[in-house]
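Raw structure35.txt, compact mmCIF, C-alpha atoms and all ligand atoms:
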# COMPACT_ATOMS: atom_id res chain seq x y z
CA MET A 1 12.97 123.53 -36.95
CA HIS A 2 15.58 125.06 -39.27
CA ALA A 3 16.26 122.62 -42.04
CA VAL A 4 18.05 123.04 -45.35
CA VAL A 5 16.67 120.84 -48.08
CA ASN A 6 17.50 120.22 -51.71
CA GLU A 7 16.99 123.40 -53.71
CA ASN A 8 15.96 121.52 -56.85
CA LYS A 9 12.73 120.70 -55.11
CA HIS A 10 11.68 124.33 -55.07
CA LEU A 11 12.55 124.65 -58.74
CA GLY A 12 10.00 121.94 -59.52
CA THR A 13 7.21 123.89 -57.85
CA MET A 14 7.96 127.26 -59.38
CA GLU A 15 8.12 125.85 -62.89
CA SER A 16 4.96 123.84 -62.57
CA GLU A 17 2.95 126.74 -61.19
CA LYS A 18 2.92 128.27 -64.67
CA PHE A 19 0.45 125.57 -65.69
CA ALA A 20 -1.92 125.96 -62.76
CA GLU A 21 -5.57 125.37 -63.66
CA THR A 22 -4.84 124.62 -67.33
CA PHE A 23 -4.94 120.83 -67.11
CA CYS A 24 -8.39 119.25 -67.18
CA SER A 25 -10.75 117.27 -69.44
CA ASN A 26 -11.20 120.35 -71.67
CA CYS A 27 -7.56 119.97 -72.63
CA TRP A 28 -8.23 116.40 -73.73
CA ASN A 29 -11.33 117.44 -75.71
CA LEU A 30 -9.25 120.01 -77.53
CA ALA A 31 -6.46 117.52 -78.12
CA GLU A 32 -8.96 114.94 -79.41
CA GLU A 33 -10.46 117.54 -81.81
CA ASN A 34 -6.93 118.12 -83.12
CA SER A 35 -6.34 114.43 -83.65
CA LYS A 36 -9.72 113.92 -85.40
CA ASN A 37 -8.69 116.56 -87.92
CA SER A 38 -5.52 114.65 -88.62
CA PRO A 39 -5.77 111.99 -91.36
CA GLN A 40 -3.73 109.37 -89.42
CA LYS A 41 -5.34 106.86 -87.07
CA SER A 42 -2.21 106.31 -85.03
CA ILE A 43 -1.84 107.49 -81.44
CA PRO A 44 -1.45 111.29 -81.42
CA GLY A 45 1.88 112.81 -80.54
CA PRO A 46 4.30 115.57 -81.49
CA ARG A 47 6.12 115.48 -84.84
CA LYS A 48 9.18 113.28 -84.89
CA LEU A 49 12.64 113.99 -86.27
CA PRO A 50 14.45 111.30 -88.25
CA VAL A 51 16.50 108.88 -86.09
CA ILE A 52 16.01 110.64 -82.74
CA GLY A 53 12.23 110.94 -82.98
CA ASN A 54 11.07 113.05 -80.01
CA LEU A 55 14.15 112.65 -77.84
CA ASN A 56 15.08 116.31 -78.22
CA GLN A 57 11.66 117.38 -76.91
CA ILE A 58 11.80 115.46 -73.67
CA ALA A 59 15.44 116.01 -72.70
CA SER A 60 14.94 118.01 -69.50
CA ALA A 61 15.57 117.87 -65.79
CA LEU A 62 11.88 117.25 -65.20
CA PRO A 63 10.69 114.83 -67.92
CA HIS A 64 7.36 114.19 -66.14
CA LYS A 65 6.57 117.89 -66.47
CA THR A 66 7.77 118.12 -70.06
CA VAL A 67 5.62 115.17 -71.15
CA ARG A 68 2.64 116.54 -69.21
CA ASP A 69 2.97 119.83 -71.10
CA LEU A 70 3.14 117.94 -74.42
CA ALA A 71 0.13 115.84 -73.38
CA ILE A 72 -1.96 118.97 -72.84
CA LYS A 73 -1.64 119.48 -76.59
CA HIS A 74 -1.71 115.88 -77.82
CA GLY A 75 -4.01 114.05 -75.42
CA PRO A 76 -4.13 111.63 -72.48
CA LEU A 77 -2.66 108.82 -74.59
CA MET A 78 0.29 110.29 -76.44
CA HIS A 79 2.87 108.64 -78.64
CA LEU A 80 6.57 109.54 -78.45
CA GLN A 81 9.35 107.98 -80.48
CA LEU A 82 12.36 107.92 -78.14
CA GLY A 83 15.16 106.93 -80.50
CA GLU A 84 14.31 103.36 -81.42
CA VAL A 85 11.77 102.96 -78.64
CA SER A 86 8.10 103.42 -79.40
CA THR A 87 6.60 104.87 -76.20
CA VAL A 88 3.16 105.95 -75.05
CA ILE A 89 2.54 108.32 -72.18
CA VAL A 90 -0.63 108.06 -70.11
CA SER A 91 -1.79 111.32 -68.51
CA SER A 92 -5.42 110.95 -67.41
CA PRO A 93 -6.98 108.82 -64.64
CA GLU A 94 -9.43 107.31 -67.14
CA VAL A 95 -6.72 106.07 -69.50
CA ALA A 96 -4.56 104.93 -66.56
CA LYS A 97 -7.52 102.83 -65.41
CA GLU A 98 -7.84 101.23 -68.87
CA VAL A 99 -4.15 100.32 -68.82
CA MET A 100 -3.76 99.23 -65.19
CA LYS A 101 -7.18 97.72 -64.53
CA THR A 102 -9.05 96.76 -67.72
CA HIS A 103 -5.89 95.51 -69.48
CA ASP A 104 -3.81 94.92 -66.36
CA ILE A 105 -2.16 91.62 -67.36
CA ASN A 106 -1.31 92.85 -70.85
CA PHE A 107 0.60 95.80 -69.33
CA SER A 108 2.20 93.94 -66.41
CA TYR A 109 5.36 93.32 -68.39
CA ARG A 110 8.53 95.41 -67.97
CA PRO A 111 10.83 96.42 -70.82
CA ALA A 112 14.26 94.73 -70.80
CA LEU A 113 16.29 97.89 -70.06
CA ALA A 114 20.09 97.96 -70.36
CA VAL A 115 21.06 99.33 -66.90
CA PRO A 116 18.65 97.15 -64.87
CA LYS A 117 19.96 94.16 -66.84
CA ILE A 118 23.36 94.78 -65.19
CA THR A 119 22.15 95.79 -61.75
CA THR A 120 19.49 93.08 -61.34
CA TYR A 121 21.64 90.08 -62.28
CA VAL A 122 19.64 89.88 -65.53
CA PHE A 123 16.15 90.73 -64.30
CA THR A 124 16.06 88.32 -61.37
CA ASN A 125 14.77 90.92 -58.90
CA ILE A 126 11.07 91.71 -58.39
CA ALA A 127 10.78 95.11 -60.06
CA PHE A 128 12.22 94.09 -63.42
CA ALA A 129 11.36 90.39 -63.50
CA PRO A 130 9.30 89.60 -66.60
CA TYR A 131 5.66 88.92 -65.80
CA GLY A 132 5.32 85.15 -65.34
CA ASN A 133 5.83 82.33 -62.84
CA TYR A 134 9.08 83.61 -61.31
CA TRP A 135 7.63 87.08 -60.70
CA ARG A 136 4.39 85.57 -59.34
CA HIS A 137 6.35 83.51 -56.86
CA LEU A 138 8.38 86.48 -55.62
CA GLN A 139 5.26 88.59 -55.39
CA LYS A 140 3.61 85.92 -53.22
CA VAL A 141 6.70 85.76 -51.00
CA CYS A 142 6.46 89.55 -50.60
CA THR A 143 2.82 89.58 -49.54
CA THR A 144 2.89 86.52 -47.31
CA GLU A 145 6.41 86.71 -45.84
CA LEU A 146 8.75 89.58 -46.61
CA LEU A 147 6.49 92.61 -46.57
CA SER A 148 3.42 91.32 -44.72
CA GLU A 149 1.65 93.32 -41.98
CA ALA A 150 3.13 90.99 -39.33
CA ARG A 151 6.65 91.49 -40.66
CA VAL A 152 6.15 95.28 -40.71
CA GLN A 153 5.04 95.13 -37.08
CA SER A 154 8.04 93.01 -36.13
CA PHE A 155 10.34 95.92 -37.05
CA ARG A 156 8.49 98.44 -34.94
CA SER A 157 11.14 98.78 -32.24
CA ILE A 158 13.87 99.35 -34.87
CA ARG A 159 11.83 102.15 -36.48
CA GLU A 160 11.18 103.74 -33.10
CA GLU A 161 14.86 103.61 -32.22
CA GLU A 162 15.80 105.23 -35.56
CA VAL A 163 13.28 108.03 -35.03
CA LEU A 164 14.66 108.73 -31.55
CA ASN A 165 18.21 108.83 -32.95
CA LEU A 166 17.14 111.25 -35.68
CA ILE A 167 15.40 113.53 -33.18
CA LYS A 168 18.48 113.41 -30.96
CA THR A 169 20.75 114.40 -33.87
CA ILE A 170 18.47 117.30 -34.82
CA ASN A 171 18.31 118.41 -31.17
CA GLU A 172 22.08 118.51 -30.95
CA SER A 173 22.18 121.22 -33.62
CA ASN A 174 20.69 123.57 -30.94
CA GLY A 175 18.40 125.42 -33.34
CA LYS A 176 21.14 126.09 -35.91
CA PRO A 177 20.45 125.37 -39.63
CA PHE A 178 20.51 121.64 -40.11
CA ASN A 179 21.00 119.67 -43.34
CA LEU A 180 18.39 116.98 -43.08
CA VAL A 181 19.05 115.63 -46.57
CA LYS A 182 22.57 114.67 -45.54
CA VAL A 183 21.24 112.69 -42.59
CA LEU A 184 18.46 111.11 -44.64
CA GLN A 185 21.04 109.95 -47.16
CA LEU A 186 22.10 107.46 -44.54
CA PHE A 187 18.84 105.67 -45.29
CA SER A 188 19.04 106.23 -49.01
CA GLY A 189 21.10 103.12 -49.43
CA LEU A 190 22.74 101.90 -52.55
CA LYS A 191 22.66 103.78 -55.81
CA GLN A 192 22.42 101.38 -58.66
CA GLN A 193 23.61 103.36 -61.60
CA ALA A 194 26.32 101.53 -63.46
CA GLU A 195 28.62 98.58 -63.64
CA LYS A 196 31.15 99.87 -61.09
CA PHE A 197 28.42 100.57 -58.52
CA HIS A 198 27.02 97.17 -59.24
CA LYS A 199 30.36 95.50 -58.43
CA GLU A 200 30.55 97.40 -55.16
CA ASN A 201 26.93 96.54 -54.35
CA ASP A 202 27.62 92.91 -55.15
CA ARG A 203 30.53 92.81 -52.70
CA ILE A 204 28.47 94.44 -49.95
CA VAL A 205 25.47 92.20 -50.39
CA GLU A 206 27.66 89.08 -50.48
CA ASN A 207 29.10 90.06 -47.10
CA ILE A 208 25.61 90.64 -45.73
CA ILE A 209 24.57 87.15 -46.87
CA LYS A 210 27.73 85.60 -45.42
CA GLU A 211 27.16 87.26 -42.03
CA HIS A 212 23.56 86.11 -42.00
CA ARG A 213 24.50 82.53 -42.92
CA GLU A 214 27.01 82.48 -40.08
CA LYS A 215 24.44 83.89 -37.65
CA ARG A 216 21.90 81.27 -38.73
CA ALA A 217 24.43 78.47 -38.34
CA ARG A 218 25.21 79.66 -34.80
CA ALA A 219 21.50 79.87 -34.00
CA LYS A 220 20.97 76.32 -35.27
CA GLY A 221 23.78 75.23 -32.96
CA GLY A 222 21.60 76.61 -30.17
CA ASN A 223 23.94 79.42 -29.07
CA GLU A 224 21.86 82.38 -30.19
CA GLU A 225 18.27 83.55 -30.26
CA ALA A 226 17.14 83.52 -33.94
CA GLU A 227 15.35 86.75 -34.75
CA GLU A 228 14.53 86.97 -38.44
CA ASP A 229 15.17 90.03 -40.58
CA LEU A 230 14.40 90.27 -44.31
CA VAL A 231 17.66 88.59 -45.36
CA ASP A 232 16.99 85.68 -42.95
CA VAL A 233 13.54 85.20 -44.46
CA LEU A 234 15.03 84.95 -47.95
CA LEU A 235 17.72 82.53 -46.74
CA ARG A 236 15.08 80.37 -45.11
CA LEU A 237 13.09 80.29 -48.34
CA GLN A 238 16.24 79.34 -50.20
CA GLU A 239 16.90 76.50 -47.74
CA GLN A 240 13.33 75.27 -48.05
CA ALA A 241 14.00 75.12 -51.82
CA GLU A 242 10.37 75.66 -52.74
CA PHE A 243 11.51 77.16 -56.01
CA GLN A 244 14.78 77.69 -57.86
CA PHE A 245 16.43 80.50 -55.92
CA GLU A 246 20.17 80.73 -56.38
CA ASP A 247 22.49 83.20 -54.67
CA LYS A 248 22.26 85.64 -57.57
CA ASN A 249 18.46 85.71 -57.19
CA LEU A 250 18.88 86.24 -53.47
CA LYS A 251 21.28 89.16 -54.03
CA SER A 252 19.03 90.65 -56.66
CA VAL A 253 15.96 90.63 -54.41
CA ILE A 254 17.90 92.02 -51.41
CA LEU A 255 19.22 94.92 -53.48
CA ASP A 256 15.76 95.45 -54.94
CA ILE A 257 14.12 95.76 -51.54
CA PHE A 258 16.81 98.08 -50.12
CA GLY A 259 16.88 100.16 -53.29
CA ALA A 260 13.12 100.36 -53.82
CA GLY A 261 12.36 100.98 -50.19
CA SER A 262 14.89 103.55 -49.04
CA GLU A 263 15.34 106.26 -51.66
CA THR A 264 11.58 106.46 -52.29
CA SER A 265 10.82 106.98 -48.59
CA SER A 266 13.62 109.46 -47.88
CA THR A 267 12.68 111.54 -50.96
CA THR A 268 9.09 111.70 -49.75
CA VAL A 269 10.18 112.92 -46.30
CA GLU A 270 12.42 115.56 -47.88
CA TRP A 271 9.55 116.77 -50.03
CA ALA A 272 7.13 116.84 -47.09
CA LEU A 273 9.57 118.99 -45.13
CA SER A 274 10.23 121.26 -48.14
CA GLU A 275 6.52 121.82 -48.64
CA MET A 276 5.94 122.49 -44.94
CA MET A 277 8.79 124.98 -44.85
CA LYS A 278 7.18 126.81 -47.76
CA ASN A 279 3.78 126.58 -46.03
CA PRO A 280 4.45 127.55 -42.39
CA ARG A 281 0.74 127.31 -41.59
CA VAL A 282 0.82 123.60 -42.43
CA MET A 283 4.09 123.13 -40.50
CA ARG A 284 2.61 124.76 -37.37
CA GLU A 285 -0.55 122.69 -37.62
CA ALA A 286 1.40 119.42 -38.06
CA GLN A 287 3.74 120.23 -35.17
CA ALA A 288 0.83 121.12 -32.89
CA LYS A 289 -0.94 117.83 -33.68
CA VAL A 290 2.21 115.77 -33.02
CA ARG A 291 2.84 117.59 -29.74
CA ARG A 292 -0.77 117.09 -28.64
CA VAL A 293 -0.54 113.32 -29.14
CA PHE A 294 2.95 112.75 -27.69
CA GLU A 295 3.39 115.57 -25.16
CA ALA A 296 2.40 113.55 -22.11
CA LYS A 297 4.60 110.65 -23.14
CA GLY A 298 7.67 112.78 -23.89
CA ASN A 299 8.80 110.68 -26.85
CA VAL A 300 7.43 109.59 -30.23
CA ASP A 301 6.45 105.96 -30.73
CA GLU A 302 4.02 104.12 -32.98
CA THR A 303 1.20 103.67 -30.47
CA GLY A 304 -0.18 107.13 -31.26
CA LEU A 305 0.22 106.94 -35.05
CA HIS A 306 -3.49 106.33 -35.68
CA GLU A 307 -4.28 109.66 -33.99
CA LEU A 308 -2.06 111.67 -36.33
CA LYS A 309 -4.71 112.32 -38.96
CA TYR A 310 -3.26 115.65 -40.02
CA LEU A 311 0.25 114.24 -40.48
CA LYS A 312 -1.21 111.45 -42.60
CA ALA A 313 -2.96 114.09 -44.72
CA VAL A 314 0.41 115.89 -45.11
CA ILE A 315 1.98 112.65 -46.35
CA ARG A 316 -0.86 112.07 -48.83
CA GLU A 317 -0.65 115.61 -50.11
CA THR A 318 3.11 115.14 -50.55
CA PHE A 319 2.49 111.94 -52.51
CA ARG A 320 -0.05 113.76 -54.69
CA MET A 321 2.21 116.66 -55.59
CA ARG A 322 5.60 114.98 -55.32
CA PRO A 323 5.35 111.26 -56.11
CA SER A 324 8.88 109.90 -55.67
CA ILE A 325 8.67 107.91 -58.92
CA PRO A 326 6.73 110.43 -61.05
CA LEU A 327 6.46 108.23 -64.16
CA LEU A 328 6.20 104.97 -62.15
CA LEU A 329 8.30 102.06 -63.43
CA PRO A 330 8.00 101.47 -67.17
CA ARG A 331 5.56 98.86 -68.46
CA GLU A 332 5.50 97.10 -71.80
CA CYS A 333 2.49 96.19 -73.92
CA HIS A 334 2.44 92.40 -74.44
CA GLN A 335 -0.18 91.95 -77.16
CA ALA A 336 -1.82 94.50 -79.44
CA CYS A 337 -4.79 96.05 -77.68
CA GLU A 338 -7.09 99.05 -77.89
CA ILE A 339 -6.67 101.88 -75.39
CA ASN A 340 -8.71 105.09 -75.55
CA GLY A 341 -9.81 104.18 -79.09
CA TYR A 342 -6.29 103.63 -80.43
CA GLU A 343 -4.36 100.44 -81.08
CA VAL A 344 -1.24 100.01 -78.95
CA ALA A 345 1.30 97.73 -80.64
CA PRO A 346 3.13 94.88 -78.85
CA LYS A 347 6.47 95.91 -77.31
CA THR A 348 5.36 99.53 -76.97
CA ARG A 349 6.82 101.03 -73.80
CA VAL A 350 4.18 102.54 -71.52
CA LEU A 351 4.85 105.32 -69.02
CA ILE A 352 2.12 106.42 -66.63
CA ASN A 353 2.53 109.99 -65.47
CA ALA A 354 1.46 109.72 -61.80
CA TRP A 355 2.75 113.24 -61.23
CA ALA A 356 0.35 114.60 -63.87
CA LEU A 357 -2.59 112.52 -62.57
CA GLY A 358 -2.22 114.22 -59.19
CA ARG A 359 -2.78 117.58 -60.84
CA VAL A 360 -5.81 117.01 -63.09
CA SER A 361 -8.17 119.79 -62.09
CA ASP A 362 -11.33 117.69 -62.71
CA TYR A 363 -10.28 115.67 -59.66
CA TRP A 364 -8.27 118.13 -57.60
CA LYS A 365 -9.38 121.62 -56.60
CA GLU A 366 -6.51 124.10 -56.92
CA PRO A 367 -4.09 121.29 -57.79
CA GLU A 368 -0.95 123.44 -57.51
CA LYS A 369 -1.70 124.31 -53.89
CA PHE A 370 -0.15 122.23 -51.08
CA TYR A 371 -3.29 121.77 -49.03
CA PRO A 372 -3.34 118.62 -46.81
CA GLU A 373 -6.86 119.45 -45.61
CA ARG A 374 -8.23 118.14 -48.93
CA PHE A 375 -7.53 114.62 -47.59
CA LEU A 376 -9.03 115.04 -44.12
CA ASN A 377 -12.57 113.97 -44.97
CA SER A 378 -11.79 112.14 -48.17
CA SER A 379 -11.85 108.44 -48.96
CA VAL A 380 -9.26 108.85 -51.74
CA ASP A 381 -6.19 106.78 -50.95
CA TYR A 382 -3.08 105.43 -52.64
CA MET A 383 -3.92 101.73 -52.65
CA GLY A 384 -4.37 101.68 -56.43
CA THR A 385 -8.12 102.09 -56.87
CA ASN A 386 -8.25 105.89 -57.26
CA PHE A 387 -6.45 106.37 -60.55
CA GLU A 388 -6.00 110.12 -59.98
CA PHE A 389 -3.74 109.21 -57.04
CA ILE A 390 -1.33 106.34 -57.71
CA PRO A 391 2.11 107.19 -56.22
CA PHE A 392 2.61 103.41 -55.62
CA GLY A 393 1.26 102.40 -59.03
CA ALA A 394 -1.76 100.12 -59.47
CA GLY A 395 -2.80 96.71 -60.72
CA ARG A 396 -0.68 93.56 -60.47
CA ARG A 397 2.61 95.46 -60.47
CA ILE A 398 1.57 97.85 -57.69
CA CYS A 399 4.34 98.45 -55.14
CA PRO A 400 4.33 95.52 -52.69
CA GLY A 401 6.05 97.73 -50.08
CA ILE A 402 3.09 100.03 -49.28
CA LEU A 403 2.55 98.54 -45.81
CA PHE A 404 6.27 98.85 -45.13
CA ALA A 405 6.54 102.42 -46.34
CA SER A 406 3.62 103.87 -44.37
CA PRO A 407 4.90 103.53 -40.77
CA ASN A 408 8.41 104.51 -41.89
CA LEU A 409 7.09 107.77 -43.30
C1 LIG B 1 7.50 106.07 -50.31
C2 LIG B 1 7.72 104.81 -50.52
C3 LIG B 1 7.53 104.07 -51.84
C4 LIG B 1 7.03 104.51 -53.04
C5 LIG B 1 6.49 105.88 -53.40
C6 LIG B 1 7.09 103.39 -53.95
C7 LIG B 1 6.63 103.42 -55.26
C8 LIG B 1 6.70 102.35 -56.13
C9 LIG B 1 6.23 102.40 -57.50
C10 LIG B 1 5.61 103.60 -58.19
C11 LIG B 1 6.44 101.17 -58.04
C12 LIG B 1 6.08 100.74 -59.48
C13 LIG B 1 4.63 100.33 -59.54
C14 LIG B 1 4.07 100.10 -60.92
O1 LIG B 1 4.79 99.72 -61.85
O2 LIG B 1 2.85 100.28 -61.06
C15 LIG B 1 7.06 100.35 -57.03
C16 LIG B 1 7.43 99.04 -57.20
C17 LIG B 1 8.07 98.31 -56.24
N1 LIG B 1 8.32 98.68 -54.93
FE1 LIG B 1 7.88 100.44 -54.08
N2 LIG B 1 7.61 102.31 -53.30
C18 LIG B 1 7.90 102.68 -52.00
C19 LIG B 1 8.41 101.88 -51.00
C20 LIG B 1 8.76 100.57 -51.15
C21 LIG B 1 9.25 99.72 -50.09
C22 LIG B 1 9.39 100.17 -48.62
C23 LIG B 1 9.55 98.52 -50.64
C24 LIG B 1 10.09 97.28 -50.00
C25 LIG B 1 10.51 97.20 -48.77
C26 LIG B 1 9.22 98.61 -52.06
C27 LIG B 1 9.38 97.60 -52.97
C28 LIG B 1 8.97 97.65 -54.30
C29 LIG B 1 9.15 96.54 -55.24
C30 LIG B 1 9.82 95.20 -54.94
C31 LIG B 1 8.57 96.96 -56.46
C32 LIG B 1 8.46 96.17 -57.76
C33 LIG B 1 7.07 95.55 -57.89
C34 LIG B 1 6.88 94.79 -59.20
O3 LIG B 1 7.42 95.16 -60.23
O4 LIG B 1 6.14 93.79 -59.18
N3 LIG B 1 8.74 99.86 -52.32
N4 LIG B 1 7.19 101.09 -55.86

Do you think you could lay out the structure here as structure tokens?
Ligand code: HEM
Amino acid sequence: MHAVVNENKHLGTMESEKFAETFCSNCWNLAEENSKNSPQKSIPGPRKLPVIGNLNQIASALPHKTVRDLAIKHGPLMHLQLGEVSTVIVSSPEVAKEVMKTHDINFSYRPALAVPKITTYVFTNIAFAPYGNYWRHLQKVCTTELLSEARVQSFRSIREEEVLNLIKTINESNGKPFNLVKVLQLFSGLKQQAEKFHKENDRIVENIIKEHREKRARAKGGNEEAEEDLVDVLLRLQEQAEFQFEDKNLKSVILDIFGAGSETSSTTVEWALSEMMKNPRVMREAQAKVRRVFEAKGNVDETGLHELKYLKAVIRETFRMRPSIPLLLPRECHQACEINGYEVAPKTRVLINAWALGRVSDYWKEPEKFYPERFLNSSVDYMGTNFEFIPFGAGRRICPGILFASPNL
């Protein structure tokens, strides 16, 4: 296949290769020695300028890489002052485990950020809802209703149809260069960046709700077969009135699910293809395995997915090297607590560098190499228990869409 993918992706690899093999527990030992020599007991970090603090040091196209490089010097728990915001960066699996397992509840809060405040109808979605009863309720709805295994299965025929359409479109290019990113943008959905996008999103989602309400009313009248999609499930829950769920909450959750679920998946597919194009051996191997499973059938469907062990390893390796949300979603420390021997103050923003965790050489042999085989006979997975590999996060705020994302990818 000839595919043209985003050039920025290659830039990421070339830049990061400079640090191959330099990132392991020895770095932390050295960093800890440095901090012991310093008279202060506060969390180590680079020197701060008045007013802006460390903002100038992290302004870059690849902040996850910049903060990883700073962490090599300052340690796996590093303090940055980002303007007014006191922030800590977590860069080792051990410290990530302390934050997301030992002190999970204390770090299950999200900071009240300015842009999400606009785009989430004041934090009424799942991703930015403050930790508490409302979030717990939505989270339960996700696991039991919206994003359950049964619901994922119910969309199987839609996924299969989309895959066939995509293959057909690629086929029609007759071997000529083909811009897959452009096609994948169809799935990328709504970009929530600012007020004007929010207004447009609001209009679109209101229409979606209206259409669904009309469809449900017709179905109740007995004229149509009622097949539930995600919006129908939310409308049903609203009708059942089990908890306060106004239209703005409904819109917020719909946008959350479309936003959280589409861009993350399409970025991962783009990265997987980029990496395979740079590693033709892996591409050939993956193609051969897919052909072997589906050749007799003549088309790709989900019945053979469990046989595609190599493709699954390619996806894992992509997640390791190219997590689509490299610094996960920000957390906030609720009450003062001790992490890695240092006190973290309430309201401190906490960023976990999942991108860096996937490259710690104590856990990963030749971490800069795209080598799916490392996952073939390995029990390491992304369900949030192996803290060196957390592309979906971990703990209470782990991505509830994992089951949904896997068959899509
Ligand atoms: C490749 C696919 C995906 C990746 C890599 C991904 C990754 C993530 C990450 C890193 C978080 C933050 C976790 C944390 O704070 O520890 C998250 C949260 C979330 N994801 Fe995903 N996600 C994906 C697909 C999906 C899908 C398909 C859906 C829904 C259909 C979804 C819905 C959500 C929601 C609602 C949250 C917020 C959870 C909360 O704050 O309680 N994601 N995701």

Test item: axis-aligned box, all listed atoms of region 52-61 of chain A, 6 Å on each side, centre and edges in Å rounded to one decimal, as JSON:
{"center_x": 13.5, "center_y": 114.3, "center_z": -74.4, "size_x": 16.9, "size_y": 19.4, "size_z": 29.2}

Please list as a list in words every residue within 9 Å of Leu49 (chain A), counting only C-alpha atoms and excluding residues in the same chain fewer than 6 positions away.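 The contact residues come out as Leu55, Asn56 and Gln81 of chain A.
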
Grab me every residue within 8 Å of ligand LIG 1 (chain B), counting all atoms listed in the file, and send it over as a VMD selection string. chain A and resid 100 108 110 125 to 129 135 139 142 147 253 256 to 268 319 323 to 331 390 to 406 409

Selection near Leu82 (chain A), 8 Å with all atoms listed in the file, sequence-local residues under 4 positions removed, as a PyMOL selection string: chain A and resi 52-55+86-87

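Nearest residue to Thr144 (chain A), choosing from A:Ser173, A:Leu237, A:Lys210, A:Val88 and counting all atoms listed in the file: A:Leu237.
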
N, CA and C atoms of region 320-336 of chain A from block above, as a PDB file, in the first residue's frame:
ATOM      1  N   ARG A 320       2.662   1.794  22.838  1.00  0.00           N
ATOM      2  CA  ARG A 320       3.839   2.019  23.688  1.00  0.00           C
ATOM      3  C   ARG A 320       4.633   3.231  23.222  1.00  0.00           C
ATOM      4  N   MET A 321       4.912   3.271  21.914  1.00  0.00           N
ATOM      5  CA  MET A 321       5.774   4.337  21.410  1.00  0.00           C
ATOM      6  C   MET A 321       5.020   5.621  21.110  1.00  0.00           C
ATOM      7  N   ARG A 322       3.758   5.494  20.760  1.00  0.00           N
ATOM      8  CA  ARG A 322       2.982   6.662  20.291  1.00  0.00           C
ATOM      9  C   ARG A 322       1.627   6.769  20.981  1.00  0.00           C
ATOM     10  N   PRO A 323       1.600   6.826  22.311  1.00  0.00           N
ATOM     11  CA  PRO A 323       0.289   6.943  22.967  1.00  0.00           C
ATOM     12  C   PRO A 323      -0.416   8.209  22.470  1.00  0.00           C
ATOM     13  N   SER A 324      -1.702   8.102  22.120  1.00  0.00           N
ATOM     14  CA  SER A 324      -2.353   9.258  21.488  1.00  0.00           C
ATOM     15  C   SER A 324      -2.588  10.412  22.462  1.00  0.00           C
ATOM     16  N   ILE A 325      -2.591  10.134  23.762  1.00  0.00           N
ATOM     17  CA  ILE A 325      -2.636  11.240  24.738  1.00  0.00           C
ATOM     18  C   ILE A 325      -1.370  11.079  25.612  1.00  0.00           C
ATOM     19  N   PRO A 326      -0.228  11.601  25.131  1.00  0.00           N
ATOM     20  CA  PRO A 326       1.055  11.260  25.758  1.00  0.00           C
ATOM     21  C   PRO A 326       1.146  11.616  27.241  1.00  0.00           C
ATOM     22  N   LEU A 327       0.491  12.708  27.652  1.00  0.00           N
ATOM     23  CA  LEU A 327       0.560  13.103  29.073  1.00  0.00           C
ATOM     24  C   LEU A 327      -0.754  12.775  29.798  1.00  0.00           C
ATOM     25  N   LEU A 328      -1.535  11.879  29.240  1.00  0.00           N
ATOM     26  CA  LEU A 328      -2.871  11.515  29.741  1.00  0.00           C
ATOM     27  C   LEU A 328      -3.701  12.793  29.974  1.00  0.00           C
ATOM     28  N   LEU A 329      -4.823  12.679  30.647  1.00  0.00           N
ATOM     29  CA  LEU A 329      -5.581  13.887  30.984  1.00  0.00           C
ATOM     30  C   LEU A 329      -5.097  14.354  32.354  1.00  0.00           C
ATOM     31  N   PRO A 330      -5.032  15.680  32.560  1.00  0.00           N
ATOM     32  CA  PRO A 330      -4.460  16.153  33.821  1.00  0.00           C
ATOM     33  C   PRO A 330      -5.280  15.731  35.043  1.00  0.00           C
ATOM     34  N   ARG A 331      -4.569  15.463  36.126  1.00  0.00           N
ATOM     35  CA  ARG A 331      -5.207  15.163  37.412  1.00  0.00           C
ATOM     36  C   ARG A 331      -4.909  16.317  38.358  1.00  0.00           C
ATOM     37  N   GLU A 332      -5.611  16.301  39.495  1.00  0.00           N
ATOM     38  CA  GLU A 332      -5.317  17.324  40.504  1.00  0.00           C
ATOM     39  C   GLU A 332      -5.236  16.649  41.864  1.00  0.00           C
ATOM     40  N   CYS A 333      -4.254  17.058  42.661  1.00  0.00           N
ATOM     41  CA  CYS A 333      -4.095  16.489  43.999  1.00  0.00           C
ATOM     42  C   CYS A 333      -5.170  17.106  44.911  1.00  0.00           C
ATOM     43  N   HIS A 334      -5.919  16.248  45.617  1.00  0.00           N
ATOM     44  CA  HIS A 334      -7.032  16.741  46.431  1.00  0.00           C
ATOM     45  C   HIS A 334      -6.549  17.189  47.818  1.00  0.00           C
ATOM     46  N   GLN A 335      -5.864  16.260  48.505  1.00  0.00           N
ATOM     47  CA  GLN A 335      -5.342  16.596  49.833  1.00  0.00           C
ATOM     48  C   GLN A 335      -3.842  16.374  49.836  1.00  0.00           C
ATOM     49  N   ALA A 336      -3.132  17.100  50.701  1.00  0.00           N
ATOM     50  CA  ALA A 336      -1.676  16.940  50.767  1.00  0.00           C
ATOM     51  C   ALA A 336      -1.341  15.463  50.970  1.00  0.00           C
TER      52      ALA A 336
END
